[in-house]
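Take a look at the structure set out below.
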Amino acid sequence: MSNTSAGVCEAKIRFRHLKPFPVIDANSNFKIATEHFIESSNQIIDAIACFGKLFSPIVNDMRQNLQSIANKYRQNKALFMYLEDLILKDKDGGTLPFDGVTNSLLWLKRAFEMMEQFFTNMLEDETCSEQVKPHLRKAYEQCLMPYHRVLGQTVFQLLHLYLPTRSSLLGTDADNLKALEEFLVLFRANLDHLNEFYTEHDLHRNDKA
């Protein structure tokens, strides 16, 4: 869609309309507020869904992983107010930690890392090329490919061929690009925090899917 009167191409994703990810500071005990994280995650997943129907396998996988976290949270919202407490309770629940939401959050984090890197790659592209497939491919190779078997890699190679153009995704409005830059600050902070948390509690694993 384009705004011909202003000569501005409207973006599929309006980052100013997305709820930023939680601030992690003393007010939150330096933890991630679970409900806020779920709300922000739902919004960015909805935004990614605009890439097209061919991306539904990736979107559905993210939704399922997030739903697993949301279902656990609803069991005891007071106890699971913070995401870290939810995961530690899952770890200490008497079963292997990767039987539950620990694994769901791990895969959601990886998918989000790919998307964060993809958006960062676009922002850092000084040529502003309309062709953004190389940016997504690079992000995939860094963040998800190490955990995918051949089938998963093949599916991604097919899907990324149908990626919309830069202006279709981000538009040409400078404010939207600024909003993306601002959105990525807390998005990256949450992902970095989760990586540190998973490392501290030995929750990372390298099994391939």
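For the structure tokens, the naming scheme is as follows: chains receive sequential letters (A, B, ...) according to their order of presentation, residues are indexed from 1 within each chain, and ligands are indexed from 1 in presentation order.
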* Which residues, written as a ChimeraX atom specification, have at least one atom at most 12 Å from Glu35 (chain A), with only C-alpha atoms counted and residues fewer than 3 positions away on the same chain left out? -> /A:19,21-22,32,38-42,66-67,69-74,76-78,80-83,86
How about saving the chosen residues, C-alpha atoms kept, as a PDB file, in the first residue's frame?
ATOM      1  CA  LYS A  19       4.396  -2.321  22.704  1.00  0.00           C
ATOM      2  CA  PHE A  21       9.585  -5.055  25.494  1.00  0.00           C
ATOM      3  CA  PRO A  22       9.924  -4.708  29.292  1.00  0.00           C
ATOM      4  CA  ILE A  32      11.523  -9.659  32.929  1.00  0.00           C
ATOM      5  CA  ILE A  38       3.934 -12.024  26.476  1.00  0.00           C
ATOM      6  CA  GLU A  39       2.059  -8.948  25.254  1.00  0.00           C
ATOM      7  CA  SER A  40       5.078  -7.528  23.434  1.00  0.00           C
ATOM      8  CA  SER A  41       5.901 -10.931  21.967  1.00  0.00           C
ATOM      9  CA  ASN A  42       2.373 -11.337  20.627  1.00  0.00           C
ATOM     10  CA  LEU A  66       4.685 -18.312  23.316  1.00  0.00           C
ATOM     11  CA  GLN A  67       1.380 -20.042  24.083  1.00  0.00           C
ATOM     12  CA  ILE A  69       4.718 -19.787  28.231  1.00  0.00           C
ATOM     13  CA  ALA A  70       1.348 -18.022  28.536  1.00  0.00           C
ATOM     14  CA  ASN A  71      -0.397 -21.221  29.663  1.00  0.00           C
ATOM     15  CA  LYS A  72       2.196 -21.756  32.395  1.00  0.00           C
ATOM     16  CA  TYR A  73       1.899 -18.134  33.499  1.00  0.00           C
ATOM     17  CA  ARG A  74      -1.877 -18.388  33.870  1.00  0.00           C
ATOM     18  CA  ASN A  76      -0.164 -18.911  38.944  1.00  0.00           C
ATOM     19  CA  LYS A  77       0.251 -15.299  37.873  1.00  0.00           C
ATOM     20  CA  ALA A  78       1.548 -14.179  41.262  1.00  0.00           C
ATOM     21  CA  PHE A  80       5.207 -16.439  37.827  1.00  0.00           C
ATOM     22  CA  MET A  81       5.137 -12.634  37.754  1.00  0.00           C
ATOM     23  CA  TYR A  82       8.663 -12.694  36.375  1.00  0.00           C
ATOM     24  CA  LEU A  83       9.771 -14.868  33.493  1.00  0.00           C
ATOM     25  CA  LEU A  86       8.565 -19.256  35.790  1.00  0.00           C
TER      26      LEU A  86
END
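Rounded to one decimal, CA of Val132 (chain A) and CA of Thr165 (chain A) lie 6.3 Å from each other.
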Distance criterion (only C-alpha atoms): nearest to Met122 (chain A) out of A:Arg110, A:Lys31, A:Arg166, A:Lys138: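 Checking each of A:Arg110, A:Lys31, A:Arg166, A:Lys138 against Met122 (chain A), counting only C-alpha atoms, the winner is A:Arg166.
CA of Ile45 (chain A) is found 14.7 Å from CA of Leu180 (chain A).
Pairwise distance (CA of Thr102 (chain A), CA of Asp90 (chain A)) equals 6.8 Å.
Closest to Ala209 (chain A) among A:Thr172, A:Asn103, A:Thr127, A:Asn195 is A:Asn103, based on only C-alpha atoms.
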**OP:** Would you mind listing what lies within 12 Å of Asn176 (chain A) as number ranges by chain, with only C-alpha atoms counted and same-chain residues fewer than 6 positions away left out?
**Re:** A: 8-18, 123, 167, 169-170, 182-183
Exercise for the section: Give the helix (DSSP H, G or I) residues of chain A, as DSSP finds them on the backbone, and put them as number ranges by chain. Expected result: A: 15-17, 26-28, 34-51, 53-75, 83-91, 97-99, 101-124, 133-143, 145-147, 150-162, 166-170, 174-200
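Within 8 Å of region 158-163 of chain A there are Phe51, Gly52, Leu54, Phe55, Val132, Lys133, Leu136, Arg137, Thr154 and Val155 of chain A, counting only C-alpha atoms and ignoring same-chain residues fewer than 3 positions away.
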May I have all residues of region 1-191 of chain A that DSSP, computed from the backbone, assigns to strand (DSSP E), given as a list in words? Ser2, Asn3, Val8 and Cys9 of chain A
